[in-house]
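Here is the structure we will look at.
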Amino acid sequence: MNSRDQIPENGPDAGGSAGFVIFVLCIALIAFIAGSTVVFTKVWPYRLLADAHEAAVALYLKETQYSDRYNTDQWAEARAVGEGVTVNRPGKALKGYTLYSSTYEPAAYLIDMDGNVVHEWKADVDAVWRRSDDPAKKPPLGSGVYMRKTWMYPNGDLLAVYEGAGDTPWGLGLVKFDKDSNVIWSYTKEMAHHDAEVGANGIVYQLTHAMRHEKLEGQGNLEPPFIEDFLVTHSSDGKVIGRVSLLELVEQSRFKWQLFSLNEAETQDPLHTNSVKEIGREAAAHMPFAKEGDLLINFRNLRLIVVYDPAAEKIVWGTTGAWAGQHDAEPLANGHILLFDNNGNYRGMRHASRVVEVDPMTMEEVWSWQGTPDDKLYSELRAAAHRLENGNTLITEAEGGRLIEVTQAGEIAWEYVNPVRGGKDKKKIPAVVWGHRYTQDEIDPAFLSTLEPSSSKGDAR
């Protein structure tokens with residue numbers, strides 16, 4: 001080869017290429033340093049970048065994890081044997097009708113003691129939302145919509161909290177139906193979630209949430225945006241008569257320091273409020289720190305249960321305890337608190353939840369139930385427990401897809417297993433998210449007379 005045909009190693013072309021590479025590396029280094037500075041100092045445009053990242057992650061999860069409903073936390077591997085009523089011990093179980101809802105579909109079922117569906121409530125959810133004024137979320141709402149909390153009035157009217165999957169926040173709205181599933185009123189301007197309580201005077205207390213983009217004064221560990229919970233109060237006809245930020249209530253109380261105990265993931269949803277219950281006259285008589293009409297509110301992520309005085313608009317009492325991921329804190333007539341302890345059964349069986357009754361004056365655990373080694377109670381997410389008038393406890397084991405009535409002695413008096421199955425080889429079961437027992441005395445005679453098993457009233461499958 002002629003020497004003039006050879007390209008010198010350090011010729012002009014090589015120098016130009018090397019210079020371009022160095023230039024690109026310098027730009028990359030500057031971008032890295034600038035990006036690191038933005039992230040660690042959280043100066044502009046940190047929030048824009050963080051919001052974009054959160055939106056991208058949410059969109060990715062929605063497209064990849066929520067497109068198949070069987071891969072969401074709304075379905076789990078079926079553990080229970082059998083379908084429908086598998087245990088019914090007359091004389092030990094409280095006779096009546098059981099209202100329940102499931103992640104299977106946006107419907108509520110009323111079943112008799114043998115598991116027969118005697119009434120159901122079901123509506124075209126998208127149609128309900130399209131008729132609403134300025135809903136927080138626009139239809140279509142997706143296939144993951146279900147009724148989370150339901151409350152049946154004596155005449156067959158139904159109050160229902162709707163939730164969904166694949167969005168943050170996941171709440172949808174609150175709707176009141178008549179017995180024929182016609183809408184009486186709805187509130188969809190805010191995203192209702194978890195619970196709604198009907199007070200003794202007909203007032204409705206509702207939990208809602210929204211993304212907060214402003215800092216919370218005094219809580220530097222909460223970096224916006226994060227979920228903020230609210231308590232909305234309605235008159236019996238659905239009109240809003242009050243609204244308060246539960247997060248700001250906690251920050252203004254002596255329990256504000258609990259907010260600093262949150263891990264990084266929990267700071268995105270600081271309270272995760274999941275129950276609100278009115279304290280009745282009998283319970284208040286045994287609670288020196290509360291009065292009739294106050295509210296017992298459960299904050300899951302803080303492991304905190306508080307008493308809220310609606311008249312004074314402040315938290316007047318609270319406690320933490322040896323529970324974790326807890327749901328459905330309920331004031332009992334004896335002044336005790338009943339709750340479903342999802343993940344804090346520290347001294348009990350491994351990988352088992354429990355229902356526990358606590359004396360809030362002494363913090364003594366006076367009763368609990370966790371199942372047996374061969375049949376453990378377990379639900380990592382969701383669940384509920386309700387004390388019946390005969391002293392038994394009706395337990396909603398959400399992930400297990402079943403309702404269990406347990407005596408004070410720990411014996412199962414009645415059990416209902418969701419008969420629905422899905423997924424590959426039909427091995428998955430939808431969560432049962434709420435259950436409540438109504439005796440005949442709690443139901444108006446006119447509606448009661450219609451409660452007979454009928455194929456025209458649907459099938460829980």
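Going by the structure tokens order, chains are called A, B, ..., each with residues numbered from 1, while ligands are numbered from 1 in the order shown.
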Worksheet item: Where in region 117-227 of chain A does DSSP assign helix (DSSP H, G or I), given as number ranges by chain?
Response: A: 125-130
Worksheet item: Which residues come within 8 Å of Tyr109 (chain A), counting only C-alpha atoms, excluding same-chain residues fewer than 5 positions away, as a VMD selection string?
Response: chain A and resid 99 to 101 117 to 121 460
Would you save the residues from that selection as a PDB file, in the first residue's frame, using C-alpha atoms?
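Contents of again-v3.pdb, as written:
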```
ATOM      1  CA  LEU A  99     -75.247  -8.059  52.565  1.00  0.00           C
ATOM      2  CA  TYR A 100     -71.940  -8.409  50.759  1.00  0.00           C
ATOM      3  CA  SER A 101     -69.990  -6.962  47.844  1.00  0.00           C
ATOM      4  CA  VAL A 117     -79.398 -14.536  46.623  1.00  0.00           C
ATOM      5  CA  VAL A 118     -82.686 -12.907  47.647  1.00  0.00           C
ATOM      6  CA  HIS A 119     -81.957  -9.416  46.307  1.00  0.00           C
ATOM      7  CA  GLU A 120     -79.248  -7.584  44.396  1.00  0.00           C
ATOM      8  CA  TRP A 121     -78.352  -4.040  43.401  1.00  0.00           C
ATOM      9  CA  ALA A 460     -73.694 -14.201  42.454  1.00  0.00           C
TER      10      ALA A 460
END
```
Discussion item. I'd like to know which of A:Lys376, A:Arg350, A:Lys176, A:Arg421 is closest to His234 (chain A), using only C-alpha atoms.
Written reply: A:Lys176
Discussion item. Can you pull out the residues contacting Ala352 (chain A)? Cut-off 10 Å, using only C-alpha atoms, and skip same-chain residues under 6 positions away; I want them as a list in words.
Written reply: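 The contact residues come out as Asp341, Asn342, Asn343, Gly344, Asn345, Tyr346, Gln370, Gly371, Thr372, Pro373, Asp375, Lys376, Leu377, Tyr378, Ser379 and Glu380 of chain A.
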Discussion item. Taking only C-alpha atoms into account, name the residue in A:Asp309, A:Asp359, A:Asp114, A:Asp328 that is nearest to Pro90 (chain A).
Written reply: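 Among the listed residues, A:Asp114 lies closest to Pro90 (chain A).
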Worksheet item: So, counting only C-alpha atoms, which residue among A:Gly335, A:Glu364, A:Glu292, A:Gly410 is closest to Ala322 (chain A)?
Response: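 Going through A:Gly335, A:Glu364, A:Glu292, A:Gly410 one by one, the smallest distance to Ala322 (chain A) is for A:Glu364.
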